[in-house]
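Shown here: start-v5.tsv, TSV, C-alpha atoms (C1' of nucleotides).
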chain	number	residue	atom	x	y	z
A	310	MET	CA	0.00	0.00	0.00
A	311	ALA	CA	2.96	2.31	0.47
A	312	ALA	CA	3.46	2.06	-3.26
A	313	TRP	CA	-0.08	3.12	-3.90
A	314	ARG	CA	0.05	6.03	-1.49
A	315	ALA	CA	3.24	7.35	-3.01
A	316	PHE	CA	1.96	6.78	-6.51
A	317	LEU	CA	-1.22	8.67	-5.79
A	318	SER	CA	0.49	11.60	-4.13
A	319	THR	CA	3.10	11.83	-6.83
A	320	SER	CA	0.56	11.87	-9.60
A	321	HIS	CA	-1.47	14.61	-7.93
A	322	LEU	CA	1.54	16.72	-7.09
A	323	LEU	CA	3.02	16.38	-10.54
A	324	GLU	CA	-0.32	17.20	-12.09
A	325	ARG	CA	-0.38	20.42	-10.12
A	326	ARG	CA	3.12	21.40	-11.14
A	327	ILE	CA	2.46	20.70	-14.76
A	328	GLU	CA	-0.81	22.55	-14.76
A	329	GLU	CA	0.85	25.56	-13.22
A	330	GLN	CA	3.77	25.49	-15.63
A	331	LEU	CA	1.63	25.12	-18.74
A	332	LYS	CA	-0.84	27.76	-17.68
A	333	SER	CA	1.83	30.33	-17.04
A	334	ALA	CA	3.89	29.44	-20.10
A	335	ALA	CA	1.13	29.19	-22.69
A	336	GLY	CA	-2.30	29.48	-21.11
A	337	LEU	CA	-2.86	25.80	-21.76
A	338	THR	CA	-4.29	23.19	-19.45
A	339	HIS	CA	-2.67	19.81	-19.20
A	340	PRO	CA	-5.46	18.01	-21.09
A	341	GLN	CA	-5.19	20.59	-23.85
A	342	TYR	CA	-1.47	20.07	-24.08
A	343	GLU	CA	-1.92	16.31	-24.28
A	344	ILE	CA	-4.39	16.76	-27.11
A	345	LEU	CA	-1.88	18.80	-29.07
A	346	VAL	CA	0.82	16.20	-28.47
A	347	ARG	CA	-1.36	13.33	-29.65
A	348	LEU	CA	-2.43	15.20	-32.74
A	349	SER	CA	1.12	16.17	-33.60
A	350	GLU	CA	2.13	12.52	-33.53
A	351	ALA	CA	-0.81	11.30	-35.57
A	352	PRO	CA	-0.54	10.73	-39.31
A	353	GLY	CA	-1.75	13.87	-41.06
A	354	ARG	CA	-1.76	15.55	-37.65
A	355	GLN	CA	-5.38	14.56	-37.27
A	356	MET	CA	-7.44	12.11	-35.27
A	357	ARG	CA	-10.98	10.97	-34.78
A	358	MET	CA	-12.66	12.33	-31.68
A	359	THR	CA	-13.29	8.99	-30.02
A	360	GLU	CA	-9.78	7.73	-30.63
A	361	LEU	CA	-8.35	10.94	-29.24
A	362	ALA	CA	-10.56	10.72	-26.18
A	363	ARG	CA	-9.33	7.21	-25.54
A	364	GLY	CA	-5.75	8.37	-25.91
A	365	VAL	CA	-5.87	11.19	-23.42
A	366	ILE	CA	-8.35	9.33	-21.23
A	367	VAL	CA	-11.19	11.76	-20.88
A	368	SER	CA	-14.88	11.40	-21.54
A	369	LYS	CA	-16.23	12.15	-24.99
A	370	SER	CA	-18.00	15.23	-23.71
A	371	ALA	CA	-14.85	16.57	-22.11
A	372	LEU	CA	-13.06	16.17	-25.42
A	373	THR	CA	-15.83	17.95	-27.29
A	374	TYR	CA	-15.47	20.81	-24.87
A	375	GLN	CA	-11.69	21.00	-25.08
A	376	ILE	CA	-11.59	20.77	-28.86
A	377	THR	CA	-14.01	23.68	-28.98
A	378	GLN	CA	-11.70	25.66	-26.72
A	379	LEU	CA	-8.66	24.82	-28.80
A	380	GLU	CA	-10.59	25.73	-31.94
A	381	LYS	CA	-11.37	29.15	-30.49
A	382	ALA	CA	-7.67	29.55	-29.82
A	383	GLY	CA	-6.91	28.59	-33.42
A	384	LEU	CA	-4.73	25.65	-32.46
A	385	VAL	CA	-7.05	22.95	-33.75
A	386	GLU	CA	-9.71	22.71	-36.43
A	387	ARG	CA	-12.58	20.34	-36.96
A	388	ALA	CA	-12.95	18.55	-40.27
A	389	THR	CA	-15.55	16.11	-41.49
A	390	CYS	CA	-14.40	12.55	-41.78
A	391	PRO	CA	-14.44	11.37	-45.40
A	392	SER	CA	-14.99	7.70	-44.59
A	393	ASP	CA	-17.71	8.17	-41.99
A	394	ASP	CA	-20.26	10.96	-42.08
A	395	ARG	CA	-20.79	10.68	-38.35
A	396	GLY	CA	-17.12	11.17	-37.67
A	397	VAL	CA	-15.27	14.35	-36.85
A	398	LEU	CA	-11.57	14.84	-37.32
A	399	ALA	CA	-9.61	17.06	-35.01
A	400	VAL	CA	-6.79	18.59	-37.02
A	401	LEU	CA	-3.76	20.35	-35.61
A	402	THR	CA	-3.24	23.72	-37.29
A	403	GLU	CA	0.09	25.31	-38.12
A	404	ALA	CA	-0.40	27.63	-35.18
A	405	GLY	CA	-1.10	24.63	-32.99
A	406	LEU	CA	2.10	22.97	-34.08
A	407	ARG	CA	4.13	26.09	-33.46
A	408	CYS	CA	2.51	26.51	-30.07
A	409	LEU	CA	3.40	22.95	-29.15
A	410	GLU	CA	6.99	23.35	-30.28
A	411	ARG	CA	7.27	26.48	-28.23
A	412	VAL	CA	5.82	24.96	-25.08
A	413	ALA	CA	7.15	21.43	-25.14
A	414	PRO	CA	10.68	22.12	-23.86
A	415	GLY	CA	9.46	23.80	-20.70
A	416	HIS	CA	6.99	21.05	-20.08
A	417	LEU	CA	9.50	18.26	-20.58
A	418	GLU	CA	11.87	20.08	-18.29
A	419	VAL	CA	9.35	19.87	-15.47
A	420	VAL	CA	8.67	16.18	-16.04
A	421	ARG	CA	12.35	15.39	-16.24
A	422	SER	CA	13.45	17.40	-13.28
A	423	TYR	CA	10.88	15.92	-10.95
A	424	LEU	CA	10.32	12.42	-12.26
A	425	ILE	CA	12.94	11.17	-14.66
A	426	ASP	CA	16.17	12.67	-13.40
A	427	ARG	CA	15.55	11.57	-9.83
A	428	LEU	CA	15.66	7.92	-10.79
A	429	SER	CA	18.55	5.68	-11.66
A	430	ARG	CA	18.65	3.95	-14.99
A	431	ASP	CA	17.53	0.69	-13.39
A	432	GLU	CA	14.73	2.31	-11.45
A	433	LEU	CA	13.51	4.07	-14.53
A	434	ARG	CA	13.48	0.88	-16.53
A	435	THR	CA	11.59	-1.02	-13.86
A	436	VAL	CA	9.09	1.76	-13.34
A	437	THR	CA	8.49	1.97	-17.07
A	438	THR	CA	7.73	-1.70	-17.52
A	439	ALA	CA	5.64	-1.74	-14.37
A	440	MET	CA	3.54	1.20	-15.52
A	441	GLN	CA	3.16	-0.28	-18.97
A	442	LYS	CA	1.97	-3.54	-17.49
A	443	THR	CA	-0.68	-1.87	-15.36
A	444	GLU	CA	-1.72	0.41	-18.20
A	445	GLN	CA	-2.18	-2.64	-20.35
A	446	ALA	CA	-4.23	-4.37	-17.69
A	447	LEU	CA	-6.43	-1.32	-17.24
A	448	ARG	CA	-6.98	-0.74	-20.91
A	449	SER	CA	-8.03	-4.26	-21.65
A	450	SER	CA	-11.19	-4.38	-19.58
B	1426	MET	CA	9.49	9.60	-21.77
B	1427	ALA	CA	7.92	6.18	-22.13
B	1428	ALA	CA	7.90	6.04	-18.35
B	1429	TRP	CA	6.05	9.32	-18.14
B	1430	ARG	CA	3.49	8.36	-20.76
B	1431	ALA	CA	2.72	5.09	-19.05
B	1432	PHE	CA	2.65	6.72	-15.66
B	1433	LEU	CA	0.22	9.35	-16.84
B	1434	SER	CA	-2.11	6.91	-18.55
B	1435	THR	CA	-2.05	4.54	-15.63
B	1436	SER	CA	-2.89	7.22	-13.14
B	1437	HIS	CA	-5.83	8.46	-15.20
B	1438	LEU	CA	-7.15	5.01	-15.92
B	1439	LEU	CA	-6.84	3.93	-12.31
B	1440	GLU	CA	-8.50	7.11	-11.18
B	1441	ARG	CA	-11.45	6.32	-13.39
B	1442	ARG	CA	-11.78	2.78	-12.11
B	1443	ILE	CA	-11.58	3.86	-8.54
B	1444	GLU	CA	-14.07	6.64	-9.01
B	1445	GLU	CA	-16.50	4.25	-10.59
B	1446	GLN	CA	-16.07	1.62	-7.91
B	1447	LEU	CA	-16.44	4.03	-5.00
B	1448	LYS	CA	-19.43	5.77	-6.52
B	1449	SER	CA	-21.33	2.56	-7.08
B	1450	ALA	CA	-20.32	0.99	-3.78
B	1451	ALA	CA	-20.92	3.93	-1.47
B	1452	GLY	CA	-21.76	7.07	-3.38
B	1453	LEU	CA	-18.36	8.47	-2.49
B	1454	THR	CA	-15.89	10.25	-4.71
B	1455	HIS	CA	-12.22	9.40	-4.52
B	1456	PRO	CA	-11.25	12.65	-2.80
B	1457	GLN	CA	-13.98	12.05	-0.25
B	1458	TYR	CA	-12.71	8.55	0.38
B	1459	GLU	CA	-9.17	9.83	0.83
B	1460	ILE	CA	-10.40	12.36	3.34
B	1461	LEU	CA	-12.05	9.63	5.39
B	1462	VAL	CA	-8.88	7.52	5.26
B	1463	ARG	CA	-6.66	10.36	6.43
B	1464	LEU	CA	-9.01	11.25	9.24
B	1465	SER	CA	-9.29	7.65	10.37
B	1466	GLU	CA	-5.52	7.45	10.70
B	1467	ALA	CA	-5.12	10.74	12.52
B	1468	PRO	CA	-4.89	10.93	16.31
B	1469	GLY	CA	-8.35	11.57	17.67
B	1470	ARG	CA	-9.65	10.91	14.15
B	1471	GLN	CA	-9.42	14.63	13.51
B	1472	MET	CA	-7.29	17.00	11.51
B	1473	ARG	CA	-6.86	20.65	10.75
B	1474	MET	CA	-8.26	21.73	7.41
B	1475	THR	CA	-4.99	22.93	5.94
B	1476	GLU	CA	-3.09	19.85	7.00
B	1477	LEU	CA	-5.78	17.66	5.54
B	1478	ALA	CA	-5.72	19.60	2.29
B	1479	ARG	CA	-1.99	19.12	2.03
B	1480	GLY	CA	-2.41	15.42	2.69
B	1481	VAL	CA	-4.95	14.71	0.00
B	1482	ILE	CA	-3.44	17.36	-2.28
B	1483	VAL	CA	-6.39	19.56	-3.09
B	1484	SER	CA	-6.86	23.28	-2.76
B	1485	LYS	CA	-8.22	24.71	0.47
B	1486	SER	CA	-11.45	25.67	-1.21
B	1487	ALA	CA	-11.96	22.19	-2.60
B	1488	LEU	CA	-11.51	20.79	0.87
B	1489	THR	CA	-13.99	23.25	2.33
B	1490	TYR	CA	-16.47	22.07	-0.26
B	1491	GLN	CA	-15.87	18.36	0.31
B	1492	ILE	CA	-15.98	18.62	4.07
B	1493	THR	CA	-19.32	20.37	3.73
B	1494	GLN	CA	-20.56	17.50	1.57
B	1495	LEU	CA	-19.30	14.90	4.01
B	1496	GLU	CA	-20.87	16.84	6.84
B	1497	LYS	CA	-24.22	16.72	5.08
B	1498	ALA	CA	-23.78	12.98	4.74
B	1499	GLY	CA	-23.04	12.74	8.47
B	1500	LEU	CA	-19.61	11.20	7.95
B	1501	VAL	CA	-17.59	14.14	9.21
B	1502	GLU	CA	-18.16	16.98	11.63
B	1503	ARG	CA	-16.52	20.35	12.05
B	1504	ALA	CA	-15.16	21.36	15.42
B	1505	THR	CA	-13.45	24.51	16.56
B	1506	CYS	CA	-9.78	24.18	17.24
B	1507	PRO	CA	-8.97	24.79	20.91
B	1508	SER	CA	-5.47	26.07	20.32
B	1509	ASP	CA	-6.25	28.40	17.44
B	1510	ASP	CA	-9.48	30.30	17.03
B	1511	ARG	CA	-8.96	30.55	13.29
B	1512	GLY	CA	-8.61	26.82	12.97
B	1513	VAL	CA	-11.25	24.26	12.11
B	1514	LEU	CA	-10.98	20.59	12.92
B	1515	ALA	CA	-12.52	18.01	10.65
B	1516	VAL	CA	-13.61	15.10	12.82
B	1517	LEU	CA	-14.54	11.65	11.57
B	1518	THR	CA	-17.88	10.56	13.02
B	1519	GLU	CA	-18.82	7.04	14.04
B	1520	ALA	CA	-20.91	6.78	10.92
B	1521	GLY	CA	-17.92	7.92	8.91
B	1522	LEU	CA	-15.73	5.27	10.42
B	1523	ARG	CA	-18.28	2.56	9.78
B	1524	CYS	CA	-18.70	3.77	6.22
B	1525	LEU	CA	-14.98	3.60	5.67
B	1526	GLU	CA	-14.72	0.11	7.12
B	1527	ARG	CA	-17.51	-1.00	4.86
B	1528	VAL	CA	-16.04	0.50	1.70
B	1529	ALA	CA	-12.31	-0.02	2.17
B	1530	PRO	CA	-12.13	-3.71	1.20
B	1531	GLY	CA	-13.72	-3.14	-2.18
B	1532	HIS	CA	-11.49	-0.19	-2.84
B	1533	LEU	CA	-8.32	-1.98	-1.87
B	1534	GLU	CA	-9.36	-4.87	-4.05
B	1535	VAL	CA	-9.39	-2.59	-7.09
B	1536	VAL	CA	-6.01	-1.08	-6.30
B	1537	ARG	CA	-4.50	-4.48	-5.67
B	1538	SER	CA	-5.92	-6.22	-8.66
B	1539	TYR	CA	-4.78	-3.58	-11.11
B	1540	LEU	CA	-1.63	-2.17	-9.59
B	1541	ILE	CA	-0.10	-4.26	-6.84
B	1542	ASP	CA	-0.76	-7.81	-7.89
B	1543	ARG	CA	0.54	-7.27	-11.40
B	1544	LEU	CA	4.03	-6.51	-10.13
B	1545	SER	CA	6.73	-8.77	-8.79
B	1546	ARG	CA	8.09	-8.21	-5.33
B	1547	ASP	CA	11.18	-6.54	-6.77
B	1548	GLU	CA	9.22	-4.34	-9.11
B	1549	LEU	CA	6.93	-3.27	-6.32
B	1550	ARG	CA	9.85	-2.39	-4.09
B	1551	THR	CA	11.55	-0.35	-6.78
B	1552	VAL	CA	8.36	1.43	-7.76
B	1553	THR	CA	7.66	2.27	-4.14
B	1554	THR	CA	11.03	3.85	-3.48
B	1555	ALA	CA	10.94	5.64	-6.82
B	1556	MET	CA	7.53	7.13	-6.12
B	1557	GLN	CA	8.55	8.09	-2.61
B	1558	LYS	CA	11.61	9.85	-3.95
B	1559	THR	CA	9.64	11.89	-6.45
B	1560	GLU	CA	6.93	12.63	-3.92
B	1561	GLN	CA	9.60	13.92	-1.59
B	1562	ALA	CA	11.09	16.07	-4.31
B	1563	LEU	CA	7.73	17.50	-5.22
B	1564	ARG	CA	6.68	18.22	-1.66
B	1565	SER	CA	9.83	20.07	-0.76
B	1566	SER	CA	9.48	23.00	-3.11
C	1115	DA	C1'	-0.34	47.59	24.44
C	1116	DG	C1'	-0.25	48.09	19.38
C	1117	DC	C1'	1.28	47.74	14.62
C	1118	DG	C1'	2.23	44.75	10.53
C	1119	DG	C1'	2.98	40.83	8.17
C	1120	DA	C1'	1.77	35.86	7.99
C	1121	DT	C1'	-1.83	32.23	8.37
C	1122	DA	C1'	-6.65	29.79	8.48
C	1123	DG	C1'	-10.96	29.06	6.30
C	1124	DT	C1'	-14.61	30.55	3.59
C	1125	DT	C1'	-16.89	32.59	-0.31
C	1126	DC	C1'	-17.28	33.59	-5.01
C	1127	DA	C1'	-17.03	33.35	-10.10
C	1128	DA	C1'	-15.23	30.89	-13.74
C	1129	DA	C1'	-13.69	26.75	-15.86
C	1130	DT	C1'	-13.86	21.92	-16.40
C	1131	DC	C1'	-15.39	17.11	-15.96
C	1132	DT	C1'	-18.80	13.38	-16.09
C	1133	DG	C1'	-22.86	10.61	-17.35
C	1134	DA	C1'	-27.24	10.54	-19.46
C	1135	DA	C1'	-30.07	11.75	-23.19
C	1136	DC	C1'	-30.20	12.69	-27.89
C	1137	DA	C1'	-29.81	12.80	-33.09
C	1138	DA	C1'	-27.52	11.13	-37.06
C	1139	DC	C1'	-25.20	7.70	-39.44
C	1140	DG	C1'	-23.25	2.82	-40.64
C	1141	DC	C1'	-23.85	-1.94	-41.23
C	1142	DG	C1'	-25.48	-6.62	-41.29
C	1143	DT	C1'	-29.61	-9.31	-42.22
C	1144	DA	C1'	-33.95	-10.56	-43.93
D	430	DT	C1'	-34.63	-2.14	-49.87
D	431	DA	C1'	-35.99	-1.65	-44.96
D	432	DC	C1'	-35.35	-2.91	-40.01
D	433	DG	C1'	-32.67	-3.02	-35.92
D	434	DC	C1'	-28.79	-2.26	-33.42
D	435	DG	C1'	-24.37	-0.36	-32.47
D	436	DT	C1'	-21.42	3.78	-32.98
D	437	DT	C1'	-20.36	8.86	-33.25
D	438	DG	C1'	-20.31	13.27	-31.58
D	439	DT	C1'	-22.93	16.88	-29.24
D	440	DT	C1'	-25.79	18.92	-25.73
D	441	DC	C1'	-27.29	19.46	-21.25
D	442	DA	C1'	-27.57	19.61	-16.16
D	443	DG	C1'	-25.13	18.82	-12.15
D	444	DA	C1'	-20.99	18.27	-9.46
D	445	DT	C1'	-16.37	19.51	-8.53
D	446	DT	C1'	-12.01	22.18	-8.71
D	447	DT	C1'	-9.20	26.21	-8.70
D	448	DG	C1'	-7.37	30.85	-7.61
D	449	DA	C1'	-8.45	35.32	-6.02
D	450	DA	C1'	-10.58	38.18	-2.74
D	451	DC	C1'	-11.98	38.52	1.88
D	452	DT	C1'	-12.47	38.16	7.09
D	453	DA	C1'	-10.65	36.84	11.27
D	454	DT	C1'	-6.93	35.51	13.95
D	455	DC	C1'	-2.06	34.85	15.45
D	456	DC	C1'	2.57	36.29	16.45
D	457	DG	C1'	6.91	38.86	16.64
D	458	DC	C1'	8.66	43.39	17.50
D	459	DT	C1'	8.69	47.98	18.98

Just give me the structure of the file as C-alpha cells.
Amino acid sequence: MAAWRAFLSTSHLLERRIEEQLKSAAGLTHPQYEILVRLSEAPGRQMRMTELARGVIVSKSALTYQITQLEKAGLVERATCPSDDRGVLAVLTEAGLRCLERVAPGHLEVVRSYLIDRLSRDELRTVTTAMQKTEQALRSS
Amino acid sequence: MAAWRAFLSTSHLLERRIEEQLKSAAGLTHPQYEILVRLSEAPGRQMRMTELARGVIVSKSALTYQITQLEKAGLVERATCPSDDRGVLAVLTEAGLRCLERVAPGHLEVVRSYLIDRLSRDELRTVTTAMQKTEQALRSS
DNA sequence: AGCGGATAGTTCAAATCTGAACAACGCGTA
DNA sequence: TACGCGTTGTTCAGATTTGAACTATCCGCT
C-alpha cells in the first residue's frame, strides 16, 4: 500500500506542477497540451474524436469541450471525416504545431526534473515496464 | 518519456476505475474517500483543514467544499480548534468510520488487482522507493 | 499595548469534468 | 430495400475544482 500512497500523491503533485507550468507558459491546461501532443504525432496531424478521447483518457464530452476551446484559440480545427459521415476529425493547425513546439521544452523540463532525473537507470526501466503492465491491464477491460 | 506516458495513462485510468467503484459501492468520490482515510488514521480521528488539504493534495477551497458534503452525509463533523481560534478541525464521526470500514475492502481490491498484484516483489519495491523519492522532491518545493 | 505581516478558512465566479439523453449515421440481415 | 442495433459526436444539467478576494486571527517586535 505504500506504493499506492506514493503513486497517488506523486501523480497529484506532478499534475499540479504541470498545470501551473503550462498555464503560465502558454495558457494551456494539461489536457489541452496532451491533445496537441497526440495530434502532432498522428498521421496527417489529425485524429478521430473517439480515438483521441481514448488516448488522453477523458470522456467524450470533455473532449468535445476541449476541442471547442482549442478551436477558439486557433490551435485545432474540426474537419468532417471522409470515410464516416458521423465522424469528426480534429486537425492540428500550423499555429497549434508552433505553439506545441514552443511549449514542449518547458513542459519536458518539469517532467524530467521531478520524475525522470531523480531515478537511476535501473529504477527508470523497472518503473516503465511496471507502468506499462498496469496500463495494459487497465486498458483491456 | 515512455515512463512518463505510461505513468500518466495509468494514473488516469486507475483514477477512473476507482471513481466508478467508489461511486457505485458507497456514493463516495475518490477525494472524499481519501479524506475519510486520512481522518481515520489521525490521532483523535481529527485534523486541521490545511493539514488535511496538504495530505490529500487539493486546494483549500476544494476541501472546504468536500468537508461540507461529508458533513451533510453525516460522515464528518466540524469542530473549533482549541489552540487556534482561526482553525477548524474536521472530525470523523462514528458513521464515517463505519462507512470507511464498509467500503475499504472493495477499494483496496481494485487497487491491488490492477496495480499491486501485477508486479513482482522486486518491481513493487523499486516502484515504491521511486515514487517516494519523487513525492519527496515534489513536496519540498 | 499596538502595529504589521503571515496564516486559516470561507466565499465567489469561472472553468472543467462526467454521465445521461439525444440525433444522425453505418452496417449486417432478412 | 428496410429494419434493428451499435457507434459517433454533441448537448445538457449537475458536481467539482481552482485561484483570487476577503475576514478573522495569530505572532513577533517595537

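As for atom CA of Arg1470 of chain B and atom CA of Gly1499 of chain B, they are spaced 14.7 Å apart.
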
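Counting all atoms listed in the file, the residue from B:Ala1515, B:Val1462, B:Ile1443, B:Ala1498 that sits nearest to Glu1476 of chain B is B:Ala1515.
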
- Please provide the set of residues having any atom within 12 Å of DA450 of chain D, restricted to only C-alpha atoms (C1' of nucleotides), with same-chain residues fewer than 3 positions apart removed, written as a ChimeraX atom specification. /C:1124-1127

Within 8 Å of chain C, which residues of chain A are there when counting all atoms listed in the file? Please give them as a PyMOL selection string. chain A and resi 368+370-371+393-395

Report the distance between atom CA of Tyr423 of chain A and atom CA of Thr1559 of chain B in Å, rounded to one decimal place.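 Computed distance, atom CA of Tyr423 of chain A to atom CA of Thr1559 of chain B, equals 6.2 Å.
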
Same-sequence overlay, chain B on chain A, C-alpha least squares, as a short mmCIF file (atom, residue, chain, number, x, y, z; two decimals) with C-alpha atoms, in the coordinates of the input:
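Here's the written file superposed-v7.cif:
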data_model
loop_
_atom_site.label_atom_id
_atom_site.label_comp_id
_atom_site.auth_asym_id
_atom_site.auth_seq_id
_atom_site.Cartn_x
_atom_site.Cartn_y
_atom_site.Cartn_z
CA MET B 1426 -0.01 -0.02 -0.02
CA ALA B 1427 2.95 2.28 0.46
CA ALA B 1428 3.46 2.04 -3.28
CA TRP B 1429 -0.10 3.11 -3.94
CA ARG B 1430 0.03 6.01 -1.51
CA ALA B 1431 3.22 7.34 -3.02
CA PHE B 1432 1.96 6.79 -6.52
CA LEU B 1433 -1.23 8.67 -5.79
CA SER B 1434 0.49 11.60 -4.13
CA THR B 1435 3.10 11.83 -6.83
CA SER B 1436 0.56 11.87 -9.60
CA HIS B 1437 -1.47 14.62 -7.94
CA LEU B 1438 1.54 16.72 -7.08
CA LEU B 1439 3.01 16.37 -10.54
CA GLU B 1440 -0.32 17.20 -12.08
CA ARG B 1441 -0.39 20.42 -10.11
CA ARG B 1442 3.11 21.41 -11.13
CA ILE B 1443 2.46 20.70 -14.74
CA GLU B 1444 -0.81 22.55 -14.74
CA GLU B 1445 0.84 25.56 -13.21
CA GLN B 1446 3.76 25.51 -15.62
CA LEU B 1447 1.62 25.12 -18.74
CA LYS B 1448 -0.85 27.77 -17.66
CA SER B 1449 1.82 30.36 -17.03
CA ALA B 1450 3.89 29.46 -20.08
CA ALA B 1451 1.13 29.22 -22.67
CA GLY B 1452 -2.29 29.50 -21.10
CA LEU B 1453 -2.85 25.82 -21.77
CA THR B 1454 -4.28 23.20 -19.47
CA HIS B 1455 -2.67 19.80 -19.23
CA PRO B 1456 -5.45 18.02 -21.10
CA GLN B 1457 -5.19 20.61 -23.85
CA TYR B 1458 -1.46 20.08 -24.07
CA GLU B 1459 -1.91 16.33 -24.28
CA ILE B 1460 -4.38 16.78 -27.09
CA LEU B 1461 -1.87 18.82 -29.06
CA VAL B 1462 0.83 16.20 -28.46
CA ARG B 1463 -1.35 13.33 -29.63
CA LEU B 1464 -2.43 15.21 -32.72
CA SER B 1465 1.13 16.18 -33.58
CA GLU B 1466 2.15 12.53 -33.52
CA ALA B 1467 -0.79 11.28 -35.55
CA PRO B 1468 -0.55 10.72 -39.30
CA GLY B 1469 -1.76 13.84 -41.04
CA ARG B 1470 -1.74 15.52 -37.62
CA GLN B 1471 -5.38 14.54 -37.26
CA MET B 1472 -7.43 12.10 -35.26
CA ARG B 1473 -10.97 10.95 -34.76
CA MET B 1474 -12.64 12.34 -31.67
CA THR B 1475 -13.27 9.01 -29.99
CA GLU B 1476 -9.77 7.75 -30.61
CA LEU B 1477 -8.35 10.96 -29.25
CA ALA B 1478 -10.55 10.73 -26.17
CA ARG B 1479 -9.32 7.22 -25.51
CA GLY B 1480 -5.75 8.39 -25.91
CA VAL B 1481 -5.86 11.22 -23.43
CA ILE B 1482 -8.34 9.35 -21.24
CA VAL B 1483 -11.18 11.81 -20.90
CA SER B 1484 -14.87 11.43 -21.57
CA LYS B 1485 -16.22 12.19 -25.02
CA SER B 1486 -18.00 15.25 -23.74
CA ALA B 1487 -14.86 16.61 -22.13
CA LEU B 1488 -13.06 16.21 -25.42
CA THR B 1489 -15.83 17.97 -27.31
CA TYR B 1490 -15.46 20.85 -24.89
CA GLN B 1491 -11.67 21.03 -25.10
CA ILE B 1492 -11.57 20.78 -28.86
CA THR B 1493 -14.01 23.68 -28.98
CA GLN B 1494 -11.69 25.68 -26.73
CA LEU B 1495 -8.66 24.83 -28.82
CA GLU B 1496 -10.59 25.71 -31.94
CA LYS B 1497 -11.35 29.14 -30.51
CA ALA B 1498 -7.66 29.55 -29.83
CA GLY B 1499 -6.90 28.59 -33.44
CA LEU B 1500 -4.73 25.63 -32.47
CA VAL B 1501 -7.04 22.93 -33.75
CA GLU B 1502 -9.69 22.67 -36.44
CA ARG B 1503 -12.58 20.31 -36.96
CA ALA B 1504 -12.94 18.51 -40.26
CA THR B 1505 -15.53 16.07 -41.47
CA CYS B 1506 -14.37 12.52 -41.76
CA PRO B 1507 -14.43 11.31 -45.37
CA SER B 1508 -15.00 7.67 -44.55
CA ASP B 1509 -17.72 8.15 -41.96
CA ASP B 1510 -20.28 10.91 -42.02
CA ARG B 1511 -20.79 10.64 -38.28
CA GLY B 1512 -17.12 11.13 -37.63
CA VAL B 1513 -15.27 14.33 -36.82
CA LEU B 1514 -11.56 14.80 -37.31
CA ALA B 1515 -9.60 17.04 -35.00
CA VAL B 1516 -6.78 18.56 -37.02
CA LEU B 1517 -3.75 20.32 -35.60
CA THR B 1518 -3.24 23.69 -37.28
CA GLU B 1519 0.08 25.29 -38.10
CA ALA B 1520 -0.41 27.63 -35.18
CA GLY B 1521 -1.09 24.63 -32.99
CA LEU B 1522 2.10 22.96 -34.06
CA ARG B 1523 4.13 26.08 -33.46
CA CYS B 1524 2.51 26.50 -30.07
CA LEU B 1525 3.41 22.96 -29.14
CA GLU B 1526 7.00 23.35 -30.28
CA ARG B 1527 7.27 26.49 -28.22
CA VAL B 1528 5.81 24.98 -25.06
CA ALA B 1529 7.14 21.42 -25.12
CA PRO B 1530 10.67 22.13 -23.85
CA GLY B 1531 9.45 23.81 -20.69
CA HIS B 1532 6.98 21.05 -20.06
CA LEU B 1533 9.48 18.28 -20.57
CA GLU B 1534 11.86 20.10 -18.28
CA VAL B 1535 9.34 19.86 -15.45
CA VAL B 1536 8.66 16.19 -16.02
CA ARG B 1537 12.34 15.41 -16.23
CA SER B 1538 13.44 17.40 -13.26
CA TYR B 1539 10.87 15.91 -10.93
CA LEU B 1540 10.31 12.42 -12.24
CA ILE B 1541 12.94 11.17 -14.66
CA ASP B 1542 16.15 12.67 -13.39
CA ARG B 1543 15.55 11.56 -9.83
CA LEU B 1544 15.67 7.90 -10.81
CA SER B 1545 18.56 5.66 -11.70
CA ARG B 1546 18.65 3.95 -15.04
CA ASP B 1547 17.53 0.69 -13.45
CA GLU B 1548 14.75 2.30 -11.49
CA LEU B 1549 13.50 4.08 -14.57
CA ARG B 1550 13.48 0.87 -16.57
CA THR B 1551 11.58 -1.02 -13.90
CA VAL B 1552 9.09 1.77 -13.38
CA THR B 1553 8.48 1.99 -17.10
CA THR B 1554 7.72 -1.69 -17.56
CA ALA B 1555 5.63 -1.73 -14.39
CA MET B 1556 3.53 1.21 -15.54
CA GLN B 1557 3.16 -0.27 -19.00
CA LYS B 1558 1.96 -3.52 -17.51
CA THR B 1559 -0.69 -1.85 -15.39
CA GLU B 1560 -1.73 0.42 -18.22
CA GLN B 1561 -2.19 -2.64 -20.38
CA ALA B 1562 -4.24 -4.34 -17.71
CA LEU B 1563 -6.42 -1.32 -17.24
CA ARG B 1564 -6.99 -0.73 -20.94
CA SER B 1565 -8.04 -4.27 -21.67
CA SER B 1566 -11.20 -4.38 -19.61
#

task = Compute the set of chain D residues within 10 Å of chain A, using only C-alpha atoms (C1' of nucleotides), and express it as a ChimeraX atom specification.
result = /D:436-440

Atom CA of Ser422 of chain A sits from atom CA of Met1426 of chain B at a separation of 12.2 Å
